[in-house]
Structures are given as structure tokens and as C-alpha cells.
$ cat model.cif   # mmCIF, C-alpha atoms
data_query
loop_
_atom_site.label_atom_id
_atom_site.label_comp_id
_atom_site.auth_asym_id
_atom_site.auth_seq_id
_atom_site.Cartn_x
_atom_site.Cartn_y
_atom_site.Cartn_z
CA MET W 1 0.00 0.00 0.00
CA SER W 2 1.36 3.37 -0.97
CA LEU W 3 1.64 6.30 1.43
CA PRO W 4 -0.83 8.58 -0.44
CA PHE W 5 -3.46 5.87 -0.27
CA VAL W 6 -3.03 5.54 3.51
CA ILE W 7 -3.19 9.30 4.10
CA ILE W 8 -6.27 9.78 1.90
CA ALA W 9 -7.98 6.78 3.47
CA ILE W 10 -7.40 8.10 7.00
CA VAL W 11 -8.71 11.57 6.07
CA THR W 12 -11.76 10.03 4.37
CA LEU W 13 -12.59 7.77 7.30
CA PHE W 14 -12.19 10.55 9.88
CA ALA W 15 -14.39 12.86 7.80
CA ALA W 16 -17.03 10.12 7.45
CA ALA W 17 -16.98 9.49 11.20
CA ALA W 18 -17.32 13.24 11.82
CA ALA W 19 -20.22 13.45 9.36
CA MET W 20 -22.02 10.77 11.33
CA SER W 21 -21.23 12.02 14.84
CA LEU W 22 -21.22 15.83 14.93
CA ARG W 23 -24.15 17.60 16.56
CA ASN W 24 -24.63 20.47 14.15
CA LEU W 25 -26.09 19.34 10.83
CA VAL W 26 -24.27 21.96 8.77
CA HIS W 27 -20.97 20.67 10.13
CA CYS W 28 -22.11 17.15 9.24
CA ALA W 29 -22.79 18.23 5.66
CA LEU W 30 -19.36 19.87 5.37
CA SER W 31 -17.65 16.75 6.75
CA LEU W 32 -19.59 14.72 4.22
CA VAL W 33 -18.14 16.91 1.46
CA VAL W 34 -14.63 16.16 2.74
CA ALA W 35 -15.38 12.43 2.90
CA LEU W 36 -16.77 12.34 -0.64
CA ALA W 37 -13.83 14.34 -2.02
CA GLY W 38 -11.49 11.92 -0.25
CA LEU W 39 -13.27 9.03 -1.93
CA ALA W 40 -12.78 10.75 -5.28
CA ALA W 41 -9.06 11.02 -4.49
CA LEU W 42 -9.04 7.30 -3.62
CA TYR W 43 -10.53 6.57 -7.05
CA LEU W 44 -7.76 8.65 -8.61
CA THR W 45 -5.08 6.65 -6.78
CA LEU W 46 -6.75 3.52 -8.16
CA ASP W 47 -6.38 4.78 -11.77
CA ALA W 48 -10.10 5.41 -12.23
CA GLN W 49 -9.93 9.03 -13.34
CA PHE W 50 -13.34 9.24 -14.97
CA VAL W 51 -15.11 7.83 -11.93
CA GLY W 52 -13.15 10.15 -9.65
CA PHE W 53 -14.23 13.26 -11.51
CA ALA W 54 -17.78 11.97 -11.88
CA GLN W 55 -17.78 11.48 -8.10
CA ILE W 56 -16.69 15.10 -7.58
CA LEU W 57 -19.29 16.39 -10.06
CA VAL W 58 -22.22 14.34 -8.78
CA TYR W 59 -21.55 13.95 -5.07
CA VAL W 60 -19.58 17.04 -4.08
CA GLY W 61 -21.35 19.21 -6.63
CA ALA W 62 -24.94 18.01 -6.47
CA VAL W 63 -25.73 15.64 -3.62
CA ALA W 64 -23.93 17.68 -0.94
CA ILE W 65 -25.68 20.85 -2.11
CA LEU W 66 -29.01 19.00 -2.03
CA ILE W 67 -28.31 17.93 1.54
CA VAL W 68 -27.39 21.47 2.58
CA PHE W 69 -30.64 22.70 1.00
CA ALA W 70 -32.61 20.03 2.85
CA VAL W 71 -30.93 21.05 6.12
CA LEU W 72 -31.88 24.67 5.56
CA LEU W 73 -35.42 23.96 4.32
CA THR W 74 -36.20 21.78 7.33
CA ARG W 75 -34.73 24.44 9.65
CA SER W 76 -32.51 21.93 11.42
CA ASP W 77 -29.34 23.99 11.06
CA ALA W 78 -29.26 24.99 14.73
CA THR W 79 -27.44 22.72 17.15
CA PRO W 80 -30.07 20.49 18.80
CA ASN W 81 -30.44 20.71 22.56
CA GLN W 82 -31.71 17.19 23.17
CA THR W 83 -29.85 13.98 22.47
CA ILE W 84 -28.93 13.30 18.85
CA LEU W 85 -29.04 9.50 19.07
CA SER W 86 -32.17 7.39 18.93
CA PRO W 87 -33.01 5.25 22.00
CA GLY W 88 -31.64 1.96 20.68
CA TRP W 89 -28.30 3.38 19.60
CA GLY W 90 -26.24 0.78 21.49
CA ILE W 91 -27.69 -2.04 19.42
CA GLY W 92 -26.97 -0.10 16.23
CA ILE W 93 -23.34 0.41 17.21
CA VAL W 94 -22.99 -3.28 18.07
CA VAL W 95 -24.56 -4.36 14.77
CA SER W 96 -22.29 -2.14 12.72
CA ALA W 97 -19.23 -3.32 14.68
CA VAL W 98 -20.23 -6.93 13.99
CA VAL W 99 -20.65 -6.09 10.30
CA PHE W 100 -17.19 -4.53 10.18
CA ALA W 101 -15.64 -7.46 12.05
CA THR W 102 -17.20 -9.95 9.63
CA LEU W 103 -16.14 -8.02 6.54
CA GLY W 104 -12.64 -7.45 7.87
CA TRP W 105 -12.21 -11.09 8.89
CA ALA W 106 -13.39 -12.25 5.46
CA THR W 107 -11.03 -9.80 3.74
CA LEU W 108 -7.97 -10.76 5.74
CA ASN W 109 -8.55 -14.51 5.57
CA SER W 110 -9.68 -14.87 1.99
CA THR W 111 -7.38 -16.89 -0.25
CA GLY W 112 -9.05 -15.98 -3.52
CA LEU W 113 -7.88 -12.37 -3.61
CA SER W 114 -5.13 -11.64 -6.11
CA LYS W 115 -1.81 -10.76 -4.51
CA GLU W 116 -0.01 -8.98 -7.34
CA THR W 117 -0.77 -5.53 -8.73
CA PRO W 118 -1.48 -5.65 -12.46
CA PRO W 119 -0.28 -2.78 -14.66
CA ALA W 120 -2.58 0.22 -14.79
CA PRO W 121 -5.43 -0.48 -17.23
CA ILE W 122 -6.25 1.98 -19.97
CA ALA W 123 -9.58 3.57 -19.16
CA THR W 124 -9.87 6.67 -21.31
CA VAL W 125 -13.10 8.55 -21.78
CA LYS W 126 -13.18 7.29 -25.36
CA ASN W 127 -13.14 3.65 -24.21
CA ILE W 128 -15.87 4.34 -21.66
CA GLY W 129 -18.00 6.14 -24.25
CA ASP W 130 -17.56 3.32 -26.73
CA LEU W 131 -18.68 0.77 -24.18
CA LEU W 132 -21.63 2.94 -23.09
CA MET W 133 -22.81 3.18 -26.68
CA THR W 134 -22.35 -0.51 -27.56
CA GLN W 135 -22.37 -3.05 -24.80
CA TYR W 136 -24.05 -0.99 -22.07
CA VAL W 137 -26.51 0.96 -24.20
CA LEU W 138 -29.60 -0.63 -22.65
CA PRO W 139 -28.54 0.17 -19.05
CA LEU W 140 -27.73 3.69 -20.20
CA GLU W 141 -31.25 4.16 -21.59
CA VAL W 142 -32.78 2.71 -18.43
CA ILE W 143 -30.69 5.08 -16.30
CA GLY W 144 -31.91 8.01 -18.39
CA LEU W 145 -35.50 6.95 -17.84
CA LEU W 146 -34.86 6.47 -14.13
CA LEU W 147 -33.32 9.91 -13.75
CA THR W 148 -36.25 11.52 -15.56
CA ALA W 149 -38.75 9.68 -13.38
CA ALA W 150 -36.81 10.55 -10.22
CA MET W 151 -36.63 14.21 -11.18
CA ILE W 152 -40.36 14.47 -11.88
CA GLY W 153 -41.17 12.44 -8.77
CA ALA W 154 -38.98 14.58 -6.54
CA VAL W 155 -40.61 17.76 -7.82
CA ILE W 156 -44.11 16.35 -7.32
CA ILE W 157 -43.37 15.03 -3.83
CA ALA W 158 -41.77 18.26 -2.66
CA MET W 159 -44.42 20.49 -4.28
CA LYS W 160 -46.56 22.48 -1.88
CA GLU W 161 -49.88 20.83 -1.13
CA GLU W 162 -53.02 22.64 -2.18
CA PRO W 163 -54.65 24.00 0.99
CA PHE W 164 -58.16 22.93 -0.02
CA SER W 165 -57.26 19.50 -1.34
CA ASN W 166 -56.67 18.08 2.16
CA PRO W 167 -59.36 19.36 4.55
CA SER W 168 -57.98 17.43 7.54
CA ARG W 169 -54.91 19.64 7.62
CA SER W 170 -56.64 23.00 7.95
CA ARG W 171 -57.55 22.54 11.59
CA GLY W 172 -60.50 24.72 12.56
CA ASN W 173 -60.00 27.60 10.20
CA GLU W 174 -61.38 26.02 7.05
CA ALA W 175 -63.77 28.87 6.40
CA HIS W 176 -60.99 31.40 6.71
CA LEU W 177 -58.75 29.44 4.39
CA SER W 178 -61.36 28.70 1.77
CA THR W 179 -62.61 32.26 1.49
CA LYS W 180 -59.14 33.65 1.37
CA LEU W 181 -57.19 31.16 -0.71
CA GLU W 182 -59.53 29.21 -2.92
CA PRO W 183 -60.43 31.63 -5.73
CA PRO W 184 -56.88 32.54 -6.84
CA HIS W 185 -55.75 28.94 -6.54
CA VAL W 186 -58.57 27.63 -8.67
CA GLY W 187 -57.85 30.26 -11.25
CA SER W 188 -54.13 29.64 -11.45
CA TYR W 189 -54.56 25.87 -11.40
CA GLY W 190 -57.04 26.00 -14.27
CA SER W 191 -54.87 28.27 -16.34
CA ASP W 192 -51.90 25.99 -15.70
CA LYS W 193 -53.88 23.05 -16.98
CA GLU W 194 -54.90 24.98 -20.05
CA GLY W 195 -51.31 25.91 -20.76
CA GLY W 196 -50.17 22.33 -20.38
CA ARG W 197 -52.82 21.03 -22.74
CA SER W 198 -52.06 23.45 -25.53
CA MET I 199 -1.44 -6.68 3.52
CA THR I 200 -1.92 -6.35 -0.23
CA PRO I 201 -3.33 -3.14 -1.77
CA LEU I 202 -6.59 -4.90 -2.57
CA GLN I 203 -7.04 -5.90 1.05
CA GLY I 204 -6.30 -2.33 2.12
CA CYS I 205 -9.04 -1.03 -0.18
CA LEU I 206 -11.49 -3.62 1.05
CA LEU I 207 -10.76 -2.79 4.70
CA VAL I 208 -11.24 0.94 4.09
CA SER I 209 -14.51 0.22 2.34
CA ALA I 210 -15.67 -2.11 5.13
CA LEU I 211 -14.93 0.57 7.73
CA LEU I 212 -16.75 3.18 5.63
CA PHE I 213 -19.74 0.85 5.35
CA ALA I 214 -19.75 0.27 9.12
CA ILE I 215 -19.60 4.03 9.80
CA GLY I 216 -22.48 4.65 7.40
CA LEU I 217 -24.53 1.83 8.89
CA ALA I 218 -23.95 3.06 12.44
CA GLY I 219 -24.97 6.58 11.47
CA ALA I 220 -28.03 5.44 9.52
CA VAL I 221 -29.43 3.39 12.39
CA THR I 222 -28.45 5.53 15.37
CA ARG I 223 -29.03 9.16 14.39
CA ARG I 224 -32.45 10.65 15.04
CA ASN I 225 -32.38 13.12 12.17
CA ALA I 226 -33.81 11.82 8.90
CA ILE I 227 -31.29 13.76 6.79
CA LEU I 228 -28.39 12.08 8.55
CA ALA I 229 -29.95 8.67 8.02
CA LEU I 230 -29.90 9.49 4.31
CA VAL I 231 -26.27 10.62 4.56
CA GLY I 232 -25.42 7.28 6.14
CA ILE I 233 -27.06 5.47 3.25
CA GLU I 234 -24.99 7.56 0.83
CA LEU I 235 -21.83 6.56 2.68
CA MET I 236 -22.77 2.89 2.43
CA LEU I 237 -23.37 3.25 -1.32
CA ASN I 238 -19.96 4.89 -1.67
CA ALA I 239 -18.31 2.05 0.21
CA ALA I 240 -19.81 -0.39 -2.29
CA ASN I 241 -18.51 1.78 -5.15
CA LEU I 242 -15.01 1.71 -3.67
CA ASN I 243 -15.21 -2.09 -3.56
CA PHE I 244 -16.17 -2.23 -7.23
CA ILE I 245 -13.29 0.05 -8.23
CA ALA I 246 -10.80 -1.92 -6.13
CA PHE I 247 -11.85 -5.25 -7.63
CA TRP I 248 -11.77 -3.72 -11.11
CA ARG I 249 -8.24 -2.35 -10.57
CA TYR I 250 -6.73 -5.47 -9.01
CA GLY I 251 -8.93 -8.05 -10.72
CA PRO I 252 -7.88 -10.38 -13.52
CA ASN I 253 -9.46 -8.62 -16.51
CA PRO I 254 -9.47 -4.82 -16.11
CA GLU I 255 -9.68 -4.07 -19.86
CA ALA I 256 -13.38 -4.94 -19.90
CA LEU I 257 -14.11 -1.93 -17.62
CA SER I 258 -17.07 -3.76 -16.11
CA GLY I 259 -16.43 -2.60 -12.53
CA MET I 260 -16.12 0.98 -13.69
CA MET I 261 -19.39 0.76 -15.62
CA VAL I 262 -21.20 -0.53 -12.55
CA VAL I 263 -19.82 2.37 -10.52
CA ILE I 264 -20.93 4.93 -13.12
CA PHE I 265 -24.47 3.55 -13.11
CA SER I 266 -24.43 3.29 -9.33
CA ILE I 267 -23.47 6.96 -9.00
CA ALA I 268 -26.41 7.90 -11.24
CA ILE I 269 -28.81 5.78 -9.18
CA ALA I 270 -27.44 7.26 -5.95
CA ALA I 271 -28.08 10.77 -7.28
CA ALA I 272 -31.69 9.85 -8.10
CA GLU I 273 -32.08 8.24 -4.67
CA ALA I 274 -30.76 11.33 -2.90
CA ALA I 275 -33.11 13.62 -4.82
CA VAL I 276 -36.20 11.54 -4.07
CA GLY I 277 -35.16 10.92 -0.46
CA LEU I 278 -34.62 14.59 0.28
CA ALA I 279 -37.92 15.48 -1.41
CA LEU I 280 -39.63 12.94 0.86
CA ILE I 281 -37.91 14.45 3.91
CA ILE I 282 -39.06 17.93 2.92
CA ALA I 283 -42.63 16.67 2.41
CA ILE I 284 -42.53 14.93 5.81
CA TYR I 285 -41.19 18.08 7.43
CA ARG I 286 -44.01 20.10 5.93
CA HIS I 287 -46.55 17.65 7.35
CA TYR I 288 -45.12 16.93 10.81
CA ARG I 289 -42.98 20.04 11.36
CA THR I 290 -40.10 17.81 12.41
CA VAL I 291 -37.49 15.53 10.85
CA ASN I 292 -36.93 13.61 14.06
CA LEU I 293 -37.41 9.95 13.13
CA ASP I 294 -38.67 9.03 16.61
CA GLU I 295 -41.59 11.44 16.38
CA ILE I 296 -42.76 10.30 12.93
CA LYS I 297 -44.94 7.37 13.95
CA ASN I 298 -48.15 7.61 11.97
CA LEU I 299 -48.57 6.11 8.55
CA LYS I 300 -51.95 7.82 8.16
CA GLY I 301 -51.28 11.50 8.69
#

$ encode --input "model.cif" --output "C-alpha cells"
Amino acid sequence: MSLPFVIIAIVTLFAAAAAMSLRNLVHCALSLVVALAGLAALYLTLDAQFVGFAQILVYVGAVAILIVFAVLLTRSDATPNQTILSPGWGIGIVVSAVVFATLGWATLNSTGLSKETPPAPIATVKNIGDLLMTQYVLPLEVIGLLLTAAMIGAVIIAMKEEPFSNPSRSRGNEAHLSTKLEPPHVGSYGSDKEGGRS
Amino acid sequence: MTPLQGCLLVSALLFAIGLAGAVTRRNAILALVGIELMLNAANLNFIAFWRYGPNPEALSGMMVVIFSIAIAAAEAAVGLALIIAIYRHYRTVNLDEIKNLKG
């Protein structure tokens, strides 16, 4: 094992542990960014340049920003006063320790793992693109469909509910809500539908 | 310890950290972060086996990781949208206080 790998792995693991154990959620998100960037560096040390930069683009660029937005939108950016762990946290720690022990034991005692380091394989963007367009074209199409469905689904789930569509939520002040909010909503909703149809 | 074993141990530790965070933290966002860490540990395993495996020219491990990153991005988007919808309904993201299926 080379020295850069060891250093990057230690930084990544400490950042991941910090992301899971800090009290303030904004600090957790920033530690997560460090952990994901460290993973990208690990990919680079393993000669997987394309995956490393895709990791930076997707995880550091998009997923971390999404998480920061979720932290801010749910107003959980202040440091919580009560305990941050759920009641059965001891069992969770024990289970994850058992999982790590099993995986580590299997890794250290396996005889099927190759011992030598093969020469660095050639994985240029051209090779990856060729494979994506020939052998893996069906998975690529399916991934495109999945991303479209996930995007539309995320927008629909996170969209604000119509106040009159769910009467059980407007506790006690239905009359107030309906007189005040219903006419403009009906109008805008109808016009939206018209626009979509044409 | 061979380089492959080093990679696998790092990934196992990352998986254990993610699992511990996902099951012990009370905040729903951090449970999702733990799941992301576990997915990343699996990706690291794929890359390590691709790099030190017998036939790296086929790029199969790398392809799996590329598709897995795309799926993880979709999962994060839908998961965070669900968390925001739950927050709007319950006014909390504390997993212990979200007990009703029928809101």
C-alpha cells in the first residue's frame, strides 16, 4: 500500500466518522463533502480518473448541495439541545461493529484475492464512451429513464400541497382558508392546466 | 497486507460508519447521509476489484460504478424530497416522532 493511499484513506474515514457524529447538521454536511472528495481522491489513486471526476461532479457538486438545501429547508441547522441519538443506539453500534468485524475477517482470511498488482489499465473517456454506446446501451437508456422519473417524482413530492385539497390539515380555520385562498388557486390551477394542454 | 485488502478494509470501515450513522441518528437527513456513505463504500469495492482483478480491460467494474453513482443521485433527490414533504406535514425531521402512517 502506498503512502498517499493511507493518508487519503485516514482523512476520508475521519471525515465520514465526523459526518455521522457531529451535533450540528451543517458541520455534518461539510464533513460529508470532505469524505466524498477523499473518496474521489481514492478513485484517482486507483487509476479510475473518470469515476473520480464523476464522483466530484455528482456527489460534491450536487448531492452535498441538495443535503445542505434540505438542512436549511427543514430548519434543522441549529445545534439540537436534546440527544442526537435514537433510543436503541447501542444495538446499532454493536450491529455495525459486527458487520465490520465480519467483513474485515473475510477480507484478511480470503485466499481468492489476487496478490499482485497488475499494470494500470487503460480507461480513457473514449473507451468508456464506446462501451456505453455498444455493450451498455440498454442500461444507459434505463438510467436516463430512471433519472427523468426521479426528477419528476422529486418535484411532485416536494411540491406544496393545495390548501383545499386536504381538509384534515386545515384545523378549525377552514372557512378562513377557503374564502381567502380558494379563488386565486382555482384560477391559477385552471390556467396551468390549459397551458399544459395546448 | 496487499493493496486490494487495504481497499477492502477501508470500504468495510466506511460501510460500518455509514450503517452506524443510519441506524443511530435521530435526524432523517443524517440517516440518508449514512445510506450515501454505504453506497460509496460499495462503489469503492467495485473500483478496487476492477483495478486489481484479472481482466481490467473490460471496464465492467467501472461501468457498474458509473451507473451506481447515477442511481445514488436519483435516490438522494427523491429521499430529500420525501424528507421535505414529511417536514411540511409533521414540522419535524426527528425519526422518533414520525410514527403515523396515516397522517

$ atom_distance --input "model.cif" --atom1 "CA of Pro118 (chain W)" --atom2 "CA of Tyr250 (chain I)"
6.3 Å

$ resolve_selection --input "model.cif" --expression "the PyMOL selection byres ((chain I and resi 233) around 9)" --output "PDB file with C-alpha atoms, in the coordinates of the input"
ATOM      1  CA  PHE I 213     -19.740   0.850   5.350  1.00  0.00           C
ATOM      2  CA  GLY I 216     -22.480   4.650   7.400  1.00  0.00           C
ATOM      3  CA  LEU I 217     -24.530   1.830   8.890  1.00  0.00           C
ATOM      4  CA  GLY I 219     -24.970   6.580  11.470  1.00  0.00           C
ATOM      5  CA  ALA I 220     -28.030   5.440   9.520  1.00  0.00           C
ATOM      6  CA  LEU I 228     -28.390  12.080   8.550  1.00  0.00           C
ATOM      7  CA  ALA I 229     -29.950   8.670   8.020  1.00  0.00           C
ATOM      8  CA  LEU I 230     -29.900   9.490   4.310  1.00  0.00           C
ATOM      9  CA  VAL I 231     -26.270  10.620   4.560  1.00  0.00           C
ATOM     10  CA  GLY I 232     -25.420   7.280   6.140  1.00  0.00           C
ATOM     11  CA  GLU I 234     -24.990   7.560   0.830  1.00  0.00           C
ATOM     12  CA  LEU I 235     -21.830   6.560   2.680  1.00  0.00           C
ATOM     13  CA  MET I 236     -22.770   2.890   2.430  1.00  0.00           C
ATOM     14  CA  LEU I 237     -23.370   3.250  -1.320  1.00  0.00           C
ATOM     15  CA  ASN I 238     -19.960   4.890  -1.670  1.00  0.00           C
TER      16      ASN I 238
END

$ atom_distance --input "model.cif" --atom1 "CA of Val291 (chain I)" --atom2 "CA of Val276 (chain I)"
15.5 Å

$ residues_near_point --input "model.cif" --point "(-19.1, 2.9, -7.4)" --cutoff "10 Å" --atoms "only C-alpha atoms" --output "list in words"
Tyr43, Val51, Gly52 and Gln55 of chain W; Leu237, Asn238, Ala239, Ala240, Asn241, Leu242, Asn243, Phe244, Ile245, Ala246, Gly259, Met260, Met261, Val262, Val263, Ile264, Phe265, Ser266, Ile267, Ala268 and Ala270 of chain I

$ closest_residue --input "model.cif" --among "W:Val142, W:Ala41, W:Leu103, W:Ala15" --to "chain I" --atoms "all atoms listed in the file"
W:Leu103

$ resolve_selection --input "model.cif" --expression "the PyMOL selection byres ((chain I) within 6 of (chain W))" --output "VMD selection string"
chain I and resid 201 207 210 214 217 to 219 221 to 224 250 272 276 279 283

$ write_last_selection --input "model.cif" --atoms "C-alpha atoms" --output "compact mmCIF listing (two decimals), keeping the file's coordinate frame"
# COMPACT_ATOMS: atom_id res chain seq x y z
CA PRO I 201 -3.33 -3.14 -1.77
CA LEU I 207 -10.76 -2.79 4.70
CA ALA I 210 -15.67 -2.11 5.13
CA ALA I 214 -19.75 0.27 9.12
CA LEU I 217 -24.53 1.83 8.89
CA ALA I 218 -23.95 3.06 12.44
CA GLY I 219 -24.97 6.58 11.47
CA VAL I 221 -29.43 3.39 12.39
CA THR I 222 -28.45 5.53 15.37
CA ARG I 223 -29.03 9.16 14.39
CA ARG I 224 -32.45 10.65 15.04
CA TYR I 250 -6.73 -5.47 -9.01
CA ALA I 272 -31.69 9.85 -8.10
CA VAL I 276 -36.20 11.54 -4.07
CA ALA I 279 -37.92 15.48 -1.41
CA ALA I 283 -42.63 16.67 2.41

$ atom_distance --input "model.cif" --atom1 "CA of Val60 (chain W)" --atom2 "CA of Val125 (chain W)"
20.7 Å

$ closest_residue --input "model.cif" --among "I:Ile282, I:Ile227, I:Leu299, I:Leu202" --to "Arg249 (chain I)" --atoms "only C-alpha atoms"
I:Leu202

$ build_atoms --input "model.cif" --residues "region 211-232 of chain I" --atoms "N, CA and C atoms" --output "compact mmCIF listing (two decimals), in the coordinates of the input"
# COMPACT_ATOMS: atom_id res chain seq x y z
N LEU I 211 -14.80 -0.39 6.64
CA LEU I 211 -14.93 0.57 7.73
C LEU I 211 -15.90 1.69 7.35
N LEU I 212 -15.82 2.14 6.09
CA LEU I 212 -16.75 3.18 5.63
C LEU I 212 -18.19 2.68 5.70
N PHE I 213 -18.39 1.42 5.30
CA PHE I 213 -19.74 0.85 5.35
C PHE I 213 -20.23 0.79 6.79
N ALA I 214 -19.34 0.38 7.72
CA ALA I 214 -19.75 0.27 9.12
C ALA I 214 -20.10 1.64 9.69
N ILE I 215 -19.31 2.67 9.32
CA ILE I 215 -19.60 4.03 9.80
C ILE I 215 -20.96 4.49 9.28
N GLY I 216 -21.20 4.25 7.98
CA GLY I 216 -22.48 4.65 7.40
C GLY I 216 -23.64 3.91 8.03
N LEU I 217 -23.45 2.61 8.28
CA LEU I 217 -24.53 1.83 8.89
C LEU I 217 -24.82 2.33 10.31
N ALA I 218 -23.76 2.58 11.07
CA ALA I 218 -23.95 3.06 12.44
C ALA I 218 -24.69 4.39 12.43
N GLY I 219 -24.30 5.29 11.52
CA GLY I 219 -24.97 6.58 11.47
C GLY I 219 -26.42 6.45 11.04
N ALA I 220 -26.67 5.57 10.04
CA ALA I 220 -28.03 5.44 9.52
C ALA I 220 -28.97 4.87 10.56
N VAL I 221 -28.51 3.98 11.42
CA VAL I 221 -29.43 3.39 12.39
C VAL I 221 -29.45 4.12 13.72
N THR I 222 -28.44 4.94 14.04
CA THR I 222 -28.45 5.53 15.37
C THR I 222 -28.88 6.99 15.40
N ARG I 223 -28.69 7.73 14.30
CA ARG I 223 -29.03 9.16 14.39
C ARG I 223 -30.53 9.35 14.32
N ARG I 224 -31.02 10.41 15.01
CA ARG I 224 -32.45 10.65 15.04
C ARG I 224 -32.90 11.51 13.86
N ASN I 225 -31.99 12.21 13.25
CA ASN I 225 -32.38 13.12 12.17
C ASN I 225 -32.49 12.35 10.86
N ALA I 226 -33.58 12.57 10.13
CA ALA I 226 -33.81 11.82 8.90
C ALA I 226 -32.77 12.14 7.84
N ILE I 227 -32.29 13.39 7.81
CA ILE I 227 -31.29 13.76 6.79
C ILE I 227 -30.01 12.98 7.02
N LEU I 228 -29.64 12.80 8.29
CA LEU I 228 -28.39 12.08 8.55
C LEU I 228 -28.54 10.59 8.27
N ALA I 229 -29.75 10.06 8.43
CA ALA I 229 -29.95 8.67 8.02
C ALA I 229 -29.69 8.53 6.52
N LEU I 230 -30.15 9.51 5.76
CA LEU I 230 -29.90 9.49 4.31
C LEU I 230 -28.42 9.63 3.99
N VAL I 231 -27.73 10.47 4.75
CA VAL I 231 -26.27 10.62 4.56
C VAL I 231 -25.57 9.30 4.83
N GLY I 232 -26.02 8.59 5.86
CA GLY I 232 -25.42 7.28 6.14
C GLY I 232 -25.62 6.31 5.00
